[in-house]
Amino acid sequence: MYNGSGDLMQVVDLTPRGYCHGVLNALAIVKKVIKTESYPRPIYVLGQIVHNQKITKAFKEYGVISLDQKGKSRLEMLENITSGTVIFTAHGVSDQVIERAKEKGLTFLNATCRDVIKVHRAVKDKLQEGYKVIYIGHRNHPEPEAVLAISRDIYFVETEKDALLLPPHLVDEKIFVTNQTTLSRYDIDDVLKIIETKYPHYLFDNEICHATTVRQDAVKEQEKVDLMLVVGDQKSSNSNKLAYVGQKAKDIPSYLIGGVEDIDLSWLKGISSVSVTSGASTPTIVTEEVIRFLKNYNENDPNTWDHETKINVEDIL
Ligand code: SF4
């Protein structure tokens, strides 16, 4: 904890952090299938069950095959499965994927988070009421993929530039705007400003989930520190947003790390305080190892510098 400058390095463990209910539910479903021999083998996950490579690797040890092919949709990946059990991920799947799994006679379980299902329902309801839907999200993420499959009358927006390109004729339509569950208000507000100038009558439903909101609030409300480390996967949208919020709201240098092994010791040089949080799909054991390392770290004592992970793959689940 001594940082070499005469002071103890303060390590702030932000709460809440880590697993959300949607991730816990998805992990429980995969574990249940592993334990239950009556589920046909092989066991497939259509994508990564949650966005964390350490979890995907741990399930692989139990023979779970995660199909995550870059550039391929869930529907395309499903075509390669001819037998076994398929698990749909927490990020959600389209109705077309579910129908196709039925047509193929596959056993399937749906681990879609209830907060994602809520967005699907809101979009479907508004389309039925005659609205045109504008959906704010991230390209190449499975959550928007499933939402956009609901209808061709959904306009996808990721950036302010996308919003500027929305067609002028929509001004005569009823407009409903909603979003991916794991964004930050910063992403949304920038886009909404433009939507407002184009379609001032728009209706907005903020669907950032509660878990994402409270983890971001903890980042926003923290005391100023010298550094923030977010433990999470590079592919995890909500983890990326925590680092973004730390930088944007508090001007704290913020890094996303997969685990203790990703810490760059140069970040710790001369600092006196560091906060730690983790994404909703990050195993607690991984975050705890980061915190332990930081608490023990002494800039002047090379014996405290080893940051290879000691966690075995079987300890992750
Ligand atoms: S981050 Fe939110 S939407 Fe995603 S799984 Fe967790 S609770 Fe559900």
# chains A, B, ... in the order shown; residues from 1 in each chain; ligands from 1
>>> select_by_dssp(residues="stretch 37-213 of chain A", states="strand (DSSP E or B)", output="JSON, numbers by chain")
{"A": [43, 44, 45, 46, 65, 66, 67, 85, 86, 87, 88, 107, 108, 109, 110, 131, 132, 133, 134, 135, 136, 154, 155, 156, 157, 174, 175, 176, 177, 178, 179, 203, 204]}
>>> write_last_selection(atoms="C-alpha atoms", output="mmCIF file, in the first residue's frame")
data_model
loop_
_atom_site.group_PDB
_atom_site.id
_atom_site.type_symbol
_atom_site.label_atom_id
_atom_site.label_comp_id
_atom_site.auth_asym_id
_atom_site.auth_seq_id
_atom_site.Cartn_x
_atom_site.Cartn_y
_atom_site.Cartn_z
ATOM 1 C CA ILE A 43 -23.898 -27.956 -25.724
ATOM 2 C CA TYR A 44 -23.671 -24.818 -27.840
ATOM 3 C CA VAL A 45 -23.890 -21.166 -26.866
ATOM 4 C CA LEU A 46 -24.947 -18.933 -29.748
ATOM 5 C CA ILE A 65 -18.947 -24.697 -27.505
ATOM 6 C CA SER A 66 -19.353 -20.945 -27.846
ATOM 7 C CA LEU A 67 -20.052 -20.059 -31.467
ATOM 8 C CA THR A 85 -28.618 -28.155 -27.012
ATOM 9 C CA VAL A 86 -28.374 -24.482 -27.930
ATOM 10 C CA ILE A 87 -28.319 -21.684 -25.370
ATOM 11 C CA PHE A 88 -29.201 -18.148 -26.453
ATOM 12 C CA THR A 107 -33.352 -28.288 -27.832
ATOM 13 C CA PHE A 108 -32.804 -24.700 -26.822
ATOM 14 C CA LEU A 109 -32.790 -22.512 -23.718
ATOM 15 C CA ASN A 110 -33.126 -18.770 -23.801
ATOM 16 C CA TYR A 131 -44.581 4.635 -34.611
ATOM 17 C CA LYS A 132 -41.320 4.649 -36.524
ATOM 18 C CA VAL A 133 -38.625 3.492 -34.146
ATOM 19 C CA ILE A 134 -35.135 4.947 -33.768
ATOM 20 C CA TYR A 135 -32.850 2.648 -31.816
ATOM 21 C CA ILE A 136 -29.544 3.889 -30.381
ATOM 22 C CA ILE A 154 -36.404 0.558 -37.124
ATOM 23 C CA TYR A 155 -33.713 3.133 -37.783
ATOM 24 C CA PHE A 156 -30.375 2.312 -36.191
ATOM 25 C CA VAL A 157 -28.236 5.125 -34.823
ATOM 26 C CA LYS A 174 -44.858 9.360 -34.914
ATOM 27 C CA ILE A 175 -41.310 8.758 -33.617
ATOM 28 C CA PHE A 176 -40.276 6.492 -30.776
ATOM 29 C CA VAL A 177 -36.633 6.525 -29.641
ATOM 30 C CA THR A 178 -35.075 3.916 -27.409
ATOM 31 C CA ASN A 179 -31.675 2.359 -26.788
ATOM 32 C CA LEU A 203 -41.094 10.136 -27.694
ATOM 33 C CA PHE A 204 -38.109 8.760 -25.755
#
>>> residues_around(residues="A:Arg114", least_positions_apart="4", cutoff="9 Å", atoms="only C-alpha atoms", output="NGL selection string")
:A and (22 or 90 or 118-119)
>>> write_last_selection(atoms="N, CA and C atoms", output="compact mmCIF listing (two decimals), in the first residue's frame")
# COMPACT_ATOMS: atom_id res chain seq x y z
N GLY A 22 -28.97 -10.36 -14.80
CA GLY A 22 -29.05 -10.98 -16.12
C GLY A 22 -27.89 -11.94 -16.37
N ALA A 90 -27.45 -13.80 -22.98
CA ALA A 90 -28.14 -12.74 -22.22
C ALA A 90 -28.48 -11.53 -23.08
N LYS A 118 -37.64 -6.56 -22.19
CA LYS A 118 -38.48 -5.35 -22.00
C LYS A 118 -38.32 -4.39 -23.19
N VAL A 119 -37.08 -4.26 -23.69
CA VAL A 119 -36.85 -3.37 -24.84
C VAL A 119 -37.55 -3.95 -26.08
>>> residues_near_ligand(ligand="ligand 1", cutoff="9 Å", atoms="only C-alpha atoms and all ligand atoms", output="PyMOL selection string")
chain A and resi 19-26+50+90-91+112-117+180-182+207-213+237-238+279-281
>>> closest_residue(among="A:Asn303, A:Asn140, A:Gln48, A:Ser273", to="A:Leu227", atoms="only C-alpha atoms")
A:Ser273
>>> select_by_dssp(residues="stretch 77-282 of chain A", states="helix (DSSP H, G or I)", output="MDAnalysis selection string")
chainID A and resid 77:79 95:103 114:128 142:148 160:164 168:172 185:198 210:221 237:250 260:262 265:268
>>> atom_distance(atom1="atom CA of A:Lys241", atom2="atom CA of A:Ser184")
6.2 Å
>>> decode(residues="stretch 126-151 of chain A", atoms="N, CA and C atoms", output="PDB file, in the first residue's frame")
ATOM      1  N   LYS A 126     -44.690  -0.232 -29.825  1.00  0.00           N
ATOM      2  CA  LYS A 126     -44.722   1.069 -30.501  1.00  0.00           C
ATOM      3  C   LYS A 126     -44.887   0.910 -32.011  1.00  0.00           C
ATOM      4  N   LEU A 127     -44.285  -0.132 -32.555  1.00  0.00           N
ATOM      5  CA  LEU A 127     -44.474  -0.381 -33.997  1.00  0.00           C
ATOM      6  C   LEU A 127     -45.949  -0.664 -34.279  1.00  0.00           C
ATOM      7  N   GLN A 128     -46.566  -1.425 -33.397  1.00  0.00           N
ATOM      8  CA  GLN A 128     -47.995  -1.743 -33.568  1.00  0.00           C
ATOM      9  C   GLN A 128     -48.854  -0.498 -33.470  1.00  0.00           C
ATOM     10  N   GLU A 129     -48.401   0.458 -32.676  1.00  0.00           N
ATOM     11  CA  GLU A 129     -49.153   1.714 -32.523  1.00  0.00           C
ATOM     12  C   GLU A 129     -48.856   2.687 -33.661  1.00  0.00           C
ATOM     13  N   GLY A 130     -48.062   2.245 -34.629  1.00  0.00           N
ATOM     14  CA  GLY A 130     -47.821   3.064 -35.825  1.00  0.00           C
ATOM     15  C   GLY A 130     -46.620   3.984 -35.734  1.00  0.00           C
ATOM     16  N   TYR A 131     -45.782   3.799 -34.727  1.00  0.00           N
ATOM     17  CA  TYR A 131     -44.581   4.635 -34.611  1.00  0.00           C
ATOM     18  C   TYR A 131     -43.472   4.132 -35.533  1.00  0.00           C
ATOM     19  N   LYS A 132     -42.616   5.034 -35.961  1.00  0.00           N
ATOM     20  CA  LYS A 132     -41.320   4.649 -36.524  1.00  0.00           C
ATOM     21  C   LYS A 132     -40.347   4.636 -35.344  1.00  0.00           C
ATOM     22  N   VAL A 133     -39.491   3.647 -35.317  1.00  0.00           N
ATOM     23  CA  VAL A 133     -38.625   3.492 -34.146  1.00  0.00           C
ATOM     24  C   VAL A 133     -37.182   3.857 -34.505  1.00  0.00           C
ATOM     25  N   ILE A 134     -36.576   4.662 -33.650  1.00  0.00           N
ATOM     26  CA  ILE A 134     -35.135   4.947 -33.768  1.00  0.00           C
ATOM     27  C   ILE A 134     -34.467   4.275 -32.574  1.00  0.00           C
ATOM     28  N   TYR A 135     -33.507   3.429 -32.877  1.00  0.00           N
ATOM     29  CA  TYR A 135     -32.850   2.648 -31.816  1.00  0.00           C
ATOM     30  C   TYR A 135     -31.377   3.050 -31.747  1.00  0.00           C
ATOM     31  N   ILE A 136     -30.941   3.463 -30.563  1.00  0.00           N
ATOM     32  CA  ILE A 136     -29.544   3.889 -30.381  1.00  0.00           C
ATOM     33  C   ILE A 136     -28.750   2.717 -29.775  1.00  0.00           C
ATOM     34  N   GLY A 137     -27.684   2.336 -30.431  1.00  0.00           N
ATOM     35  CA  GLY A 137     -26.908   1.201 -29.921  1.00  0.00           C
ATOM     36  C   GLY A 137     -25.541   1.137 -30.578  1.00  0.00           C
ATOM     37  N   HIS A 138     -24.868   0.028 -30.328  1.00  0.00           N
ATOM     38  CA  HIS A 138     -23.531  -0.167 -30.907  1.00  0.00           C
ATOM     39  C   HIS A 138     -23.569  -1.171 -32.042  1.00  0.00           C
ATOM     40  N   ARG A 139     -22.938  -0.811 -33.134  1.00  0.00           N
ATOM     41  CA  ARG A 139     -22.826  -1.731 -34.271  1.00  0.00           C
ATOM     42  C   ARG A 139     -22.086  -2.992 -33.838  1.00  0.00           C
ATOM     43  N   ASN A 140     -22.386  -4.087 -34.498  1.00  0.00           N
ATOM     44  CA  ASN A 140     -21.690  -5.357 -34.259  1.00  0.00           C
ATOM     45  C   ASN A 140     -21.845  -5.879 -32.836  1.00  0.00           C
ATOM     46  N   HIS A 141     -22.906  -5.472 -32.168  1.00  0.00           N
ATOM     47  CA  HIS A 141     -23.193  -6.023 -30.844  1.00  0.00           C
ATOM     48  C   HIS A 141     -24.470  -6.861 -30.981  1.00  0.00           C
ATOM     49  N   PRO A 142     -24.527  -8.002 -30.278  1.00  0.00           N
ATOM     50  CA  PRO A 142     -25.694  -8.874 -30.475  1.00  0.00           C
ATOM     51  C   PRO A 142     -27.027  -8.286 -30.020  1.00  0.00           C
ATOM     52  N   GLU A 143     -26.988  -7.360 -29.057  1.00  0.00           N
ATOM     53  CA  GLU A 143     -28.271  -6.817 -28.577  1.00  0.00           C
ATOM     54  C   GLU A 143     -29.003  -6.033 -29.675  1.00  0.00           C
ATOM     55  N   PRO A 144     -28.342  -5.082 -30.348  1.00  0.00           N
ATOM     56  CA  PRO A 144     -29.007  -4.416 -31.478  1.00  0.00           C
ATOM     57  C   PRO A 144     -29.387  -5.384 -32.594  1.00  0.00           C
ATOM     58  N   GLU A 145     -28.575  -6.390 -32.821  1.00  0.00           N
ATOM     59  CA  GLU A 145     -28.883  -7.345 -33.908  1.00  0.00           C
ATOM     60  C   GLU A 145     -30.292  -7.920 -33.718  1.00  0.00           C
ATOM     61  N   ALA A 146     -30.597  -8.315 -32.489  1.00  0.00           N
ATOM     62  CA  ALA A 146     -31.911  -8.915 -32.227  1.00  0.00           C
ATOM     63  C   ALA A 146     -33.022  -7.880 -32.329  1.00  0.00           C
ATOM     64  N   VAL A 147     -32.768  -6.672 -31.868  1.00  0.00           N
ATOM     65  CA  VAL A 147     -33.808  -5.627 -31.915  1.00  0.00           C
ATOM     66  C   VAL A 147     -34.093  -5.240 -33.371  1.00  0.00           C
ATOM     67  N   LEU A 148     -33.037  -5.072 -34.149  1.00  0.00           N
ATOM     68  CA  LEU A 148     -33.219  -4.628 -35.541  1.00  0.00           C
ATOM     69  C   LEU A 148     -33.931  -5.677 -36.390  1.00  0.00           C
ATOM     70  N   ALA A 149     -33.863  -6.929 -35.951  1.00  0.00           N
ATOM     71  CA  ALA A 149     -34.548  -7.993 -36.701  1.00  0.00           C
ATOM     72  C   ALA A 149     -36.064  -7.936 -36.512  1.00  0.00           C
ATOM     73  N   ILE A 150     -36.524  -7.123 -35.571  1.00  0.00           N
ATOM     74  CA  ILE A 150     -37.970  -7.066 -35.314  1.00  0.00           C
ATOM     75  C   ILE A 150     -38.708  -6.476 -36.516  1.00  0.00           C
ATOM     76  N   SER A 151     -38.125  -5.457 -37.150  1.00  0.00           N
ATOM     77  CA  SER A 151     -38.832  -4.800 -38.256  1.00  0.00           C
ATOM     78  C   SER A 151     -37.875  -3.967 -39.099  1.00  0.00           C
TER      79      SER A 151
END
